[in-house]
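Here's data_2.cif, which has mmCIF, C-alpha atoms and all ligand atoms:
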```
data_final
loop_
_atom_site.label_atom_id
_atom_site.label_comp_id
_atom_site.auth_asym_id
_atom_site.auth_seq_id
_atom_site.Cartn_x
_atom_site.Cartn_y
_atom_site.Cartn_z
CA MET A 1 264.01 -64.73 101.60
CA ALA A 2 267.77 -64.64 101.33
CA ALA A 3 269.80 -64.85 104.53
CA VAL A 4 271.82 -61.82 105.60
CA LEU A 5 275.60 -62.13 105.55
CA SER A 6 277.95 -61.10 108.29
CA SER A 7 279.67 -57.75 107.75
CA LYS A 8 283.16 -59.29 107.65
CA ILE A 9 285.11 -59.32 104.42
CA GLN A 10 288.69 -60.33 103.80
CA THR A 11 290.67 -59.29 100.76
CA ARG A 12 293.85 -60.42 99.07
CA PRO A 13 295.66 -58.63 96.23
CA LEU A 14 295.39 -59.93 92.68
CA SER A 15 298.53 -58.15 91.46
CA PRO A 16 300.95 -55.44 92.70
CA ASN A 17 299.12 -52.46 91.21
CA ILE A 18 295.49 -53.39 90.62
CA GLY A 19 292.82 -55.72 91.94
CA ALA A 20 291.72 -57.54 95.05
CA GLU A 21 289.93 -60.81 95.64
CA ILE A 22 287.14 -60.62 98.22
CA LEU A 23 286.73 -63.71 100.36
CA GLY A 24 283.85 -64.98 102.44
CA VAL A 25 280.92 -63.45 100.54
CA ASP A 26 278.15 -65.56 99.01
CA LEU A 27 276.33 -63.47 96.42
CA THR A 28 273.29 -65.78 96.36
CA LYS A 29 272.48 -64.12 99.70
CA THR A 30 271.48 -60.55 100.46
CA VAL A 31 274.52 -58.47 101.35
CA ASP A 32 273.96 -56.23 104.37
CA ALA A 33 274.73 -52.50 104.24
CA VAL A 34 277.95 -52.73 106.26
CA THR A 35 279.34 -55.50 104.06
CA ALA A 36 278.27 -53.59 100.94
CA ALA A 37 280.14 -50.51 102.18
CA ALA A 38 283.24 -52.63 102.87
CA ILE A 39 283.07 -54.10 99.33
CA ARG A 40 282.68 -50.59 97.91
CA ASP A 41 285.73 -49.37 99.86
CA ALA A 42 287.80 -52.34 98.62
CA TRP A 43 286.63 -51.61 95.07
CA TYR A 44 287.58 -47.92 95.32
CA ALA A 45 290.99 -48.84 96.74
CA ASN A 46 291.75 -51.58 94.19
CA ASN A 47 289.84 -50.55 91.00
CA ILE A 48 288.59 -54.12 90.46
CA VAL A 49 287.28 -56.77 92.85
CA LEU A 50 286.89 -60.50 92.26
CA PHE A 51 284.59 -63.04 93.96
CA ARG A 52 285.30 -66.70 93.23
CA ASN A 53 283.13 -69.84 93.33
CA GLN A 54 279.82 -68.03 93.01
CA ASN A 55 276.79 -69.85 91.66
CA ILE A 56 274.52 -66.91 90.97
CA SER A 57 271.36 -66.39 88.97
CA GLU A 58 270.69 -63.30 86.86
CA GLU A 59 268.54 -61.99 89.74
CA ASP A 60 271.45 -62.44 92.19
CA GLN A 61 273.76 -60.56 89.83
CA VAL A 62 271.27 -57.70 89.43
CA ARG A 63 270.72 -57.48 93.21
CA PHE A 64 274.49 -57.28 93.69
CA ALA A 65 274.83 -54.64 90.95
CA ARG A 66 272.17 -52.48 92.61
CA LEU A 67 274.36 -52.17 95.73
CA PHE A 68 276.56 -49.86 93.65
CA GLY A 69 273.90 -47.72 91.98
CA GLU A 70 271.13 -47.79 89.45
CA LEU A 71 271.32 -50.57 86.87
CA GLY A 72 272.53 -49.10 83.56
CA GLN A 73 271.30 -49.90 80.06
CA VAL A 74 273.03 -51.61 77.19
CA ILE A 75 273.07 -48.61 74.88
CA ASN A 76 274.27 -50.12 71.62
CA LYS A 77 272.82 -52.65 69.21
CA HIS A 78 274.65 -55.74 70.46
CA ALA A 79 272.97 -59.13 70.47
CA GLY A 80 272.45 -60.89 73.78
CA VAL A 81 270.67 -58.23 75.85
CA SER A 82 268.65 -59.88 78.63
CA LYS A 83 264.88 -59.77 78.18
CA GLN A 84 264.42 -59.35 81.96
CA HIS A 85 266.98 -56.59 82.61
CA PRO A 86 268.12 -54.11 79.93
CA GLY A 87 271.36 -53.59 81.91
CA VAL A 88 272.36 -57.23 81.55
CA MET A 89 273.99 -58.58 78.40
CA PHE A 90 275.48 -61.94 77.52
CA ILE A 91 278.94 -62.00 75.94
CA SER A 92 279.30 -65.22 73.99
CA ASN A 93 280.39 -66.97 70.82
CA ILE A 94 277.75 -69.70 71.28
CA LYS A 95 275.14 -70.06 68.56
CA GLU A 96 271.67 -71.50 69.03
CA ASN A 97 269.65 -72.26 65.90
CA GLY A 98 272.35 -70.50 63.88
CA GLU A 99 272.06 -67.25 65.92
CA LEU A 100 274.63 -65.87 68.36
CA ILE A 101 273.23 -65.78 71.89
CA GLY A 102 275.60 -63.00 72.97
CA ALA A 103 277.67 -60.00 71.92
CA LEU A 104 281.43 -59.60 71.29
CA PRO A 105 281.74 -63.26 70.26
CA ASP A 106 285.28 -63.97 69.18
CA GLY A 107 288.87 -63.09 69.63
CA GLU A 108 291.11 -60.45 71.06
CA MET A 109 289.57 -57.13 72.11
CA MET A 110 291.48 -53.85 72.41
CA PHE A 111 291.68 -51.87 75.67
CA HIS A 112 288.64 -49.67 76.34
CA SER A 113 286.33 -48.26 79.00
CA ASP A 114 282.67 -49.27 78.74
CA GLN A 115 280.29 -46.70 77.23
CA CYS A 116 282.89 -43.90 77.06
CA TYR A 117 281.21 -42.93 73.75
CA SER A 118 278.02 -41.92 75.59
CA GLU A 119 277.28 -38.80 77.63
CA VAL A 120 276.83 -40.74 80.88
CA PRO A 121 279.02 -43.86 80.75
CA SER A 122 278.64 -46.77 83.16
CA ALA A 123 280.46 -46.56 86.49
CA ALA A 124 280.73 -50.28 87.17
CA SER A 125 280.69 -53.34 84.95
CA MET A 126 280.49 -56.89 86.26
CA LEU A 127 281.31 -60.03 84.35
CA TYR A 128 280.22 -63.47 85.57
CA ALA A 129 281.95 -66.49 84.02
CA MET A 130 279.50 -69.25 83.01
CA GLU A 131 281.49 -71.17 80.35
CA ILE A 132 285.14 -70.56 79.52
CA PRO A 133 287.57 -71.86 76.89
CA SER A 134 290.42 -74.16 77.98
CA LYS A 135 292.97 -71.47 77.07
CA GLY A 136 292.86 -67.69 76.46
CA GLY A 137 289.82 -65.44 76.55
CA ASP A 138 291.40 -63.78 79.61
CA THR A 139 290.33 -60.24 80.52
CA LEU A 140 293.07 -57.70 81.22
CA PHE A 141 292.58 -54.68 83.48
CA ALA A 142 294.78 -51.57 83.56
CA ASN A 143 294.95 -49.03 86.42
CA MET A 144 294.32 -45.54 84.99
CA TYR A 145 295.37 -43.72 88.20
CA LYS A 146 298.83 -45.24 87.79
CA ALA A 147 298.79 -44.42 84.09
CA TYR A 148 297.98 -40.75 84.81
CA GLU A 149 300.81 -40.54 87.38
CA ALA A 150 303.22 -41.85 84.72
CA VAL A 151 302.37 -39.25 82.06
CA PRO A 152 305.40 -36.97 81.53
CA ALA A 153 304.93 -33.41 82.86
CA ASP A 154 305.05 -31.77 79.39
CA ILE A 155 302.25 -34.05 78.11
CA LYS A 156 300.27 -33.51 81.32
CA ALA A 157 300.41 -29.78 80.62
CA LYS A 158 299.20 -30.30 77.03
CA ILE A 159 296.22 -32.50 77.97
CA GLU A 160 295.16 -30.49 81.04
CA GLY A 161 291.53 -29.38 80.59
CA ARG A 162 291.26 -31.02 77.14
CA LYS A 163 288.56 -33.31 75.84
CA ALA A 164 288.87 -36.21 73.41
CA LEU A 165 286.23 -37.72 71.14
CA ASN A 166 285.28 -41.32 71.86
CA VAL A 167 283.49 -43.27 69.12
CA TYR A 168 282.28 -46.85 69.13
CA ASP A 169 281.72 -48.46 65.79
CA TYR A 170 279.92 -51.59 66.88
CA ALA A 171 278.44 -52.02 63.40
CA ASN A 172 281.78 -53.19 61.97
CA VAL A 173 284.17 -55.14 64.20
CA PRO A 174 283.34 -54.14 67.77
CA THR A 175 286.49 -55.63 69.29
CA GLN A 176 289.09 -53.84 67.14
CA ARG A 177 289.67 -50.28 65.99
CA GLY A 178 288.34 -49.94 62.46
CA THR A 179 286.56 -47.60 60.15
CA THR A 180 283.88 -45.43 61.72
CA SER A 181 280.47 -44.95 60.20
CA ASN A 182 278.73 -41.60 60.59
CA ASP A 183 275.98 -42.98 62.78
CA ALA A 184 278.38 -44.58 65.30
CA PRO A 185 277.66 -43.22 68.82
CA ARG A 186 280.21 -40.66 70.02
CA PHE A 187 280.86 -38.26 72.88
CA ALA A 188 283.75 -36.01 73.89
CA HIS A 189 284.96 -36.43 77.48
CA PRO A 190 287.92 -35.07 79.49
CA VAL A 191 291.24 -36.77 78.67
CA VAL A 192 291.86 -36.79 82.42
CA ARG A 193 288.87 -37.31 84.70
CA THR A 194 288.48 -37.02 88.46
CA HIS A 195 286.89 -39.98 90.18
CA PRO A 196 283.77 -38.76 92.03
CA ALA A 197 284.36 -40.94 95.10
CA THR A 198 288.14 -41.08 95.49
CA GLY A 199 288.92 -37.60 94.12
CA ARG A 200 291.88 -39.11 92.24
CA LYS A 201 292.81 -38.21 88.64
CA ALA A 202 292.67 -40.97 86.03
CA LEU A 203 293.61 -41.07 82.37
CA TYR A 204 290.40 -41.45 80.33
CA ILE A 205 291.37 -42.35 76.77
CA ASN A 206 291.61 -45.78 75.12
CA ARG A 207 292.98 -47.44 71.99
CA LEU A 208 289.65 -48.92 70.85
CA MET A 209 287.46 -45.85 70.96
CA THR A 210 289.36 -42.55 71.39
CA GLU A 211 289.71 -40.81 68.03
CA TYR A 212 291.30 -37.41 68.64
CA ILE A 213 291.83 -34.60 71.17
CA LEU A 214 289.56 -31.65 70.48
CA ASP A 215 290.98 -28.23 69.48
CA MET A 216 294.44 -29.65 68.78
CA ASP A 217 296.33 -30.13 65.53
CA ARG A 218 295.46 -33.67 64.34
CA ALA A 219 299.08 -34.80 63.95
CA GLU A 220 299.90 -33.61 67.47
CA SER A 221 296.75 -35.27 68.83
CA ASP A 222 297.66 -38.57 67.08
CA ALA A 223 301.20 -38.45 68.52
CA ILE A 224 300.01 -37.68 72.07
CA LEU A 225 297.30 -40.33 71.98
CA ALA A 226 299.76 -42.96 70.70
CA GLN A 227 302.00 -42.16 73.68
CA LEU A 228 299.06 -42.18 76.13
CA PHE A 229 297.75 -45.53 74.84
CA ASP A 230 301.17 -47.10 75.47
CA ILE A 231 301.34 -45.59 78.97
CA ALA A 232 297.77 -46.79 79.70
CA GLU A 233 298.65 -50.37 78.71
CA ASN A 234 301.98 -50.61 80.55
CA PRO A 235 302.17 -54.20 81.93
CA ALA A 236 303.40 -52.74 85.26
CA TRP A 237 299.79 -51.79 86.11
CA VAL A 238 297.91 -54.43 84.14
CA TYR A 239 296.36 -57.55 85.70
CA GLU A 240 295.37 -60.42 83.40
CA HIS A 241 292.46 -62.43 84.76
CA ASN A 242 292.37 -66.08 83.81
CA TRP A 243 288.70 -66.96 84.34
CA LYS A 244 287.30 -69.91 86.26
CA VAL A 245 283.61 -70.77 86.03
CA GLY A 246 281.87 -69.06 88.97
CA ASP A 247 284.11 -65.98 89.03
CA ILE A 248 282.40 -62.61 89.14
CA LEU A 249 284.62 -59.58 88.69
CA MET A 250 283.54 -55.96 89.04
CA TRP A 251 285.60 -53.14 87.53
CA ASP A 252 285.38 -49.38 87.76
CA ASN A 253 285.17 -47.84 84.28
CA ARG A 254 286.19 -44.44 85.72
CA CYS A 255 289.71 -45.58 86.63
CA THR A 256 290.41 -48.74 84.60
CA LEU A 257 290.59 -49.97 81.02
CA HIS A 258 289.99 -53.58 80.03
CA ALA A 259 290.85 -55.79 77.07
CA ARG A 260 290.51 -59.45 76.12
CA SER A 261 293.06 -61.98 74.91
CA ASP A 262 292.42 -64.24 71.93
CA PHE A 263 290.95 -67.74 72.25
CA ASP A 264 290.06 -70.68 70.06
CA ALA A 265 286.81 -69.82 68.26
CA SER A 266 285.77 -73.48 68.29
CA GLU A 267 285.58 -73.44 72.11
CA ARG A 268 282.54 -72.08 73.98
CA ARG A 269 282.71 -68.89 76.07
CA LEU A 270 279.69 -67.49 77.94
CA MET A 271 279.83 -64.51 80.30
CA ARG A 272 276.98 -62.49 81.83
CA ARG A 273 277.66 -58.77 82.10
CA SER A 274 275.78 -56.18 84.15
CA VAL A 275 276.41 -52.44 84.22
CA VAL A 276 275.73 -49.74 86.80
CA LEU A 277 274.97 -46.21 85.64
CA GLY A 278 277.66 -43.62 86.29
CA GLU A 279 277.82 -39.86 85.96
CA LYS A 280 279.05 -37.41 83.32
CA PRO A 281 282.88 -37.43 83.54
CA VAL A 282 284.54 -34.24 84.83
C1 LIG A 301 283.96 -56.50 77.52
O1 LIG A 301 284.71 -55.68 77.04
O2 LIG A 301 283.02 -56.14 78.21
C2 LIG A 301 284.21 -57.96 77.26
C3 LIG A 301 285.36 -58.50 78.01
C4 LIG A 301 285.48 -59.99 77.85
O3 LIG A 301 284.76 -60.62 77.07
O4 LIG A 301 286.35 -60.55 78.54
#
```
Would you mind giving the structure from this file in structure tokens?
Ligand code: SIN
Amino acid sequence: MAAVLSSKIQTRPLSPNIGAEILGVDLTKTVDAVTAAAIRDAWYANNIVLFRNQNISEEDQVRFARLFGELGQVINKHAGVSKQHPGVMFISNIKENGELIGALPDGEMMFHSDQCYSEVPSAASMLYAMEIPSKGGDTLFANMYKAYEAVPADIKAKIEGRKALNVYDYANVPTQRGTTSNDAPRFAHPVVRTHPATGRKALYINRLMTEYILDMDRAESDAILAQLFDIAENPAWVYEHNWKVGDILMWDNRCTLHARSDFDASERRLMRRSVVLGEKPV
């Protein structure tokens, strides 16, 4: 039986506009309700939270994930889905017997929000670093509240109440925008969504998966989206996380985007991801 932690947490910022590190929590132990609420508050306030030096099993990661809601499902055809928990997936370039043991193996990945191509996307995603390359393979996180605040008033008026189509073509190159096959999963969601817990407005489009704004001339939609993608990825509200083994980082897909920097394909990278079910964006 796991010991119960004290309810005290301490945080320190990861960057000026997004992210906090949470100190003094051991995720191999059961987190009590007061501590869980404090972690949730820190997460809502900072969009992403990081715990360092954790040595957690898949069960520990799932127990932690369940503090934030129901475990989600991996809803695409990636390799590396855990046999024990359908909401846990390995992200890796490692091959065993010639087969990849995880999804999204190599290279740079464009900014996106997990599962935005499905009707009910995940609220939280958590990535636990198990093996990391000596350089690169960082994950970047962008604050979509800040991005929304920075949208010029005339564009805000044009996107108000609009939806955009999100498509994920995992069958081709899942890390980069490419051609889209007809059977790729897709769903239209508001361009600007309201976070159910904080009540704040966040930009909800991304360069990897958002195709066009509905009921708008395609050229105008392309021009607005190009502008919104640049605003979303402004380095002023991006934090680049340089992983250490034992880091676990939880992000909020409702108010962040994330991307990955390139790394040497000959070096091993192994991350364990869990997702928590969200709600239909409004
Ligand atoms: C992801 O988009 O979930 C993968 C991020 C990473 O591999 O750093």
Exercise. Could you tell me, counting all atoms listed in the file, which protein and nucleic acid residues lie no more than 10 Å from ligand LIG 301 (chain A), written as a ChimeraX atom specification?
Key: /A:89-93,103-115,125-129,136-141,174-175,241-243,257-262,269-275
Practice problem: Write out as a VMD selection string each polymer residue whose atoms come within 12 Å of Leu228 in chain A, counting all atoms listed in the file; drop sequence neighbours fewer than 2 positions from it. | Solution: chain A and resid 144 147 to 152 155 to 156 158 to 159 191 to 192 202 to 207 210 212 to 213 221 to 226 230 to 234
Quiz item: Can you list, as a list in words, every protein, DNA or RNA residue that comes within 9 Å of Thr194 in chain A when you count all atoms listed in the file, leaving out same-chain residues fewer than 3 positions away?
Solution: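 Near neighbours after the sequence-gap exclusion: Ala197, Thr198, Gly199, Arg200, Lys201, Ala202, Leu203, Arg254, Cys255, Pro281 and Val282 of chain A.
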Selection above as a file: C-alpha atoms, as a PDB file, in the coordinates of the input:
```pdb
ATOM      1  CA  ALA A 197     284.360 -40.940  95.100  1.00  0.00           C
ATOM      2  CA  THR A 198     288.140 -41.080  95.490  1.00  0.00           C
ATOM      3  CA  GLY A 199     288.920 -37.600  94.120  1.00  0.00           C
ATOM      4  CA  ARG A 200     291.880 -39.110  92.240  1.00  0.00           C
ATOM      5  CA  LYS A 201     292.810 -38.210  88.640  1.00  0.00           C
ATOM      6  CA  ALA A 202     292.670 -40.970  86.030  1.00  0.00           C
ATOM      7  CA  LEU A 203     293.610 -41.070  82.370  1.00  0.00           C
ATOM      8  CA  ARG A 254     286.190 -44.440  85.720  1.00  0.00           C
ATOM      9  CA  CYS A 255     289.710 -45.580  86.630  1.00  0.00           C
ATOM     10  CA  PRO A 281     282.880 -37.430  83.540  1.00  0.00           C
ATOM     11  CA  VAL A 282     284.540 -34.240  84.830  1.00  0.00           C
TER      12      VAL A 282
END
```
Quiz item: When you draw a straight line from CA of Ile56 in chain A to CA of Ile248 in chain A, how long is it in Å?
Solution: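 Interatomic distance, CA of Ile56 in chain A to CA of Ile248 in chain A: 9.2 Å.
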Quiz item: Which distance in Å separates CA of Asn17 in chain A and CA of Val88 in chain A, to one decimal?
Solution: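 Result for CA of Asn17 in chain A versus CA of Val88 in chain A: 28.8 Å, one decimal.
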